[in-house]
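Chemist: Here's a structure for you.
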Amino acid sequence: PSPHLSWTYVAFMVSSAVSYRLELLLSISRAGADADVLLIYVLVSAGLVFGWLWPSFNGLFFLCDKTCTICTTRSSSISSKTWLLDWGKTFVVAIVFAGSLIVAEALSIFVLQSQNLWIGIGYLATSLLLPYYIWGRRVCC
């Protein structure tokens with residue numbers, strides 16, 4: 001079975017993104033934005049945080065768990081090759097994690113610039129397919 005981070009750890013890691021999004025929402029509303037713009041921003045923010053950021057942290061945890069080595073000693077020549085392989089795997093995991101977040105942010109910017117409520121609803125619905133696929137029907141546990 002694939003390992004998952006518990007809800008409390010991921011909620012702690014995502015809290016900074018949520019607070020940043022809430023701060024921007026309050027700034028946009030105080031600037032006098034329409035209700036449609038605020039709703040699109042809420043939909044995009046929910047899709048980004050719960051549909052991309054949360055699964056990305058779980059994916060990072062999963063990839064780190066699957067690519068780690070158990071006992072690596074630095075005393076032999078074989079371990080130096082293992083050390084290089086460990087660095088390479090870590091680099092690939094970091095690139096995959098950063099790439100998923102770059103794609104998510106680019107999609108959210110595209111949806112925000114469209115200023116179309118239906119595109120925002122579609123973005124939220126398709127973004128939540130990833131966590132549904134990862135966790136299946138047991139989202140609450």
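FYI, nothing fancy with the structure tokens labels: chains A, B, ... in order, residues from 1 per chain, ligands from 1 as they appear.
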What are the DSSP helix (DSSP H, G or I) residues of range 23-120 of chain A, as a VMD selection string?
Modeler: chain A and resid 23 to 30 35 to 67 77 to 114 117 to 120
Chemist: Report as a Markdown table the residues of range 12-91 of chain A within 8 Å of range 107-126 of chain A, each with its shortest atom pair and distance in Å (one decimal), using only C-alpha atoms, ordered by chain and increasing residue number.
Modeler:
| residue | atom | partner | partner_atom | distance |
| --- | --- | --- | --- | --- |
| A:Asp36 | CA | A:Leu117 | CA | 6.9 |
| A:Val37 | CA | A:Gln115 | CA | 6.7 |
| A:Leu39 | CA | A:Leu117 | CA | 7.7 |
| A:Ile40 | CA | A:Gly120 | CA | 5.5 |
| A:Tyr41 | CA | A:Leu112 | CA | 6.8 |
| A:Leu43 | CA | A:Leu124 | CA | 6.0 |
| A:Val44 | CA | A:Ser108 | CA | 6.0 |
| A:Ser45 | CA | A:Ser108 | CA | 7.9 |
| A:Ala46 | CA | A:Leu124 | CA | 7.0 |
| A:Gly47 | CA | A:Leu124 | CA | 4.6 |
| A:Leu48 | CA | A:Ser108 | CA | 6.9 |
| A:Gly51 | CA | A:Leu124 | CA | 7.6 |
Chemist: Write the residues of the selection above to a file with N, CA, C and O atoms, as a JSON list (two decimals), in the first residue's frame.
Modeler:
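The resulting file, again05.json, is reproduced below:
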[["chain", "number", "residue", "atom", "x", "y", "z"],
["A", 36, "ASP", "N", -18.62, 37.82, -8.73],
["A", 36, "ASP", "CA", -18.18, 36.77, -9.65],
["A", 36, "ASP", "C", -16.66, 36.57, -9.59],
["A", 36, "ASP", "O", -16.17, 35.43, -9.58],
["A", 37, "VAL", "N", -15.94, 37.66, -9.53],
["A", 37, "VAL", "CA", -14.48, 37.58, -9.45],
["A", 37, "VAL", "C", -14.05, 36.91, -8.15],
["A", 37, "VAL", "O", -13.15, 36.07, -8.13],
["A", 39, "LEU", "N", -15.83, 34.78, -6.38],
["A", 39, "LEU", "CA", -16.20, 33.37, -6.44],
["A", 39, "LEU", "C", -15.22, 32.58, -7.30],
["A", 39, "LEU", "O", -14.82, 31.47, -6.93],
["A", 40, "ILE", "N", -14.82, 33.15, -8.41],
["A", 40, "ILE", "CA", -13.82, 32.48, -9.26],
["A", 40, "ILE", "C", -12.51, 32.31, -8.49],
["A", 40, "ILE", "O", -11.87, 31.26, -8.54],
["A", 41, "TYR", "N", -12.12, 33.34, -7.74],
["A", 41, "TYR", "CA", -10.88, 33.25, -6.96],
["A", 41, "TYR", "C", -10.98, 32.16, -5.89],
["A", 41, "TYR", "O", -10.03, 31.42, -5.67],
["A", 43, "LEU", "N", -12.91, 29.47, -6.01],
["A", 43, "LEU", "CA", -12.89, 28.17, -6.69],
["A", 43, "LEU", "C", -11.48, 27.78, -7.12],
["A", 43, "LEU", "O", -11.05, 26.64, -6.93],
["A", 44, "VAL", "N", -10.76, 28.74, -7.68],
["A", 44, "VAL", "CA", -9.40, 28.45, -8.13],
["A", 44, "VAL", "C", -8.49, 28.17, -6.94],
["A", 44, "VAL", "O", -7.67, 27.25, -6.98],
["A", 45, "SER", "N", -8.65, 28.91, -5.86],
["A", 45, "SER", "CA", -7.83, 28.68, -4.68],
["A", 45, "SER", "C", -8.11, 27.31, -4.06],
["A", 45, "SER", "O", -7.18, 26.60, -3.66],
["A", 46, "ALA", "N", -9.38, 26.94, -4.00],
["A", 46, "ALA", "CA", -9.72, 25.61, -3.46],
["A", 46, "ALA", "C", -9.17, 24.51, -4.36],
["A", 46, "ALA", "O", -8.63, 23.50, -3.86],
["A", 47, "GLY", "N", -9.27, 24.69, -5.67],
["A", 47, "GLY", "CA", -8.72, 23.69, -6.58],
["A", 47, "GLY", "C", -7.21, 23.59, -6.48],
["A", 47, "GLY", "O", -6.65, 22.50, -6.53],
["A", 48, "LEU", "N", -6.56, 24.73, -6.31],
["A", 48, "LEU", "CA", -5.09, 24.73, -6.21],
["A", 48, "LEU", "C", -4.63, 24.08, -4.91],
["A", 48, "LEU", "O", -3.74, 23.23, -4.92],
["A", 51, "GLY", "N", -6.68, 20.36, -4.60],
["A", 51, "GLY", "CA", -6.57, 19.48, -5.74],
["A", 51, "GLY", "C", -5.16, 19.29, -6.27],
["A", 51, "GLY", "O", -4.86, 18.32, -6.94]]
Chemist: Using only C-alpha atoms, determine which residues lie at most 10 Å from range 22-24 of chain A, disregarding the query and same-chain residues fewer than 4 positions distant; provide the list as a list of chain:residue names.
Modeler: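 Skipping anything fewer than 4 positions along the chain leaves A:Ser16, A:Ala17, A:Val18, A:Ile28, A:Ser29, A:Arg30, A:Tyr41, A:Val42, A:Ser45.
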Chemist: Write the residues of the selection above to a file with N, CA and C atoms, as a PDB file, in the first residue's frame.
Modeler:
ATOM      1  N   SER A  16       0.106  27.655   5.170  1.00  0.00           N
ATOM      2  CA  SER A  16       0.672  28.913   4.673  1.00  0.00           C
ATOM      3  C   SER A  16       0.063  29.298   3.330  1.00  0.00           C
ATOM      4  N   ALA A  17      -0.171  28.329   2.466  1.00  0.00           N
ATOM      5  CA  ALA A  17      -0.808  28.626   1.176  1.00  0.00           C
ATOM      6  C   ALA A  17      -2.252  29.079   1.372  1.00  0.00           C
ATOM      7  N   VAL A  18      -2.943  28.463   2.322  1.00  0.00           N
ATOM      8  CA  VAL A  18      -4.333  28.851   2.597  1.00  0.00           C
ATOM      9  C   VAL A  18      -4.381  30.266   3.154  1.00  0.00           C
ATOM     10  N   ILE A  28      -8.644  41.572  -2.412  1.00  0.00           N
ATOM     11  CA  ILE A  28      -9.451  41.752  -3.619  1.00  0.00           C
ATOM     12  C   ILE A  28     -10.841  42.259  -3.263  1.00  0.00           C
ATOM     13  N   SER A  29     -11.408  41.705  -2.191  1.00  0.00           N
ATOM     14  CA  SER A  29     -12.755  42.149  -1.809  1.00  0.00           C
ATOM     15  C   SER A  29     -12.749  43.585  -1.289  1.00  0.00           C
ATOM     16  N   ARG A  30     -11.710  43.976  -0.559  1.00  0.00           N
ATOM     17  CA  ARG A  30     -11.631  45.358  -0.070  1.00  0.00           C
ATOM     18  C   ARG A  30     -11.372  46.345  -1.196  1.00  0.00           C
ATOM     19  N   TYR A  41     -12.119  33.338  -7.742  1.00  0.00           N
ATOM     20  CA  TYR A  41     -10.882  33.249  -6.961  1.00  0.00           C
ATOM     21  C   TYR A  41     -10.980  32.164  -5.891  1.00  0.00           C
ATOM     22  N   VAL A  42     -12.138  32.060  -5.231  1.00  0.00           N
ATOM     23  CA  VAL A  42     -12.323  31.018  -4.211  1.00  0.00           C
ATOM     24  C   VAL A  42     -12.265  29.634  -4.852  1.00  0.00           C
ATOM     25  N   SER A  45      -8.655  28.908  -5.863  1.00  0.00           N
ATOM     26  CA  SER A  45      -7.829  28.683  -4.676  1.00  0.00           C
ATOM     27  C   SER A  45      -8.110  27.309  -4.065  1.00  0.00           C
TER      28      SER A  45
END
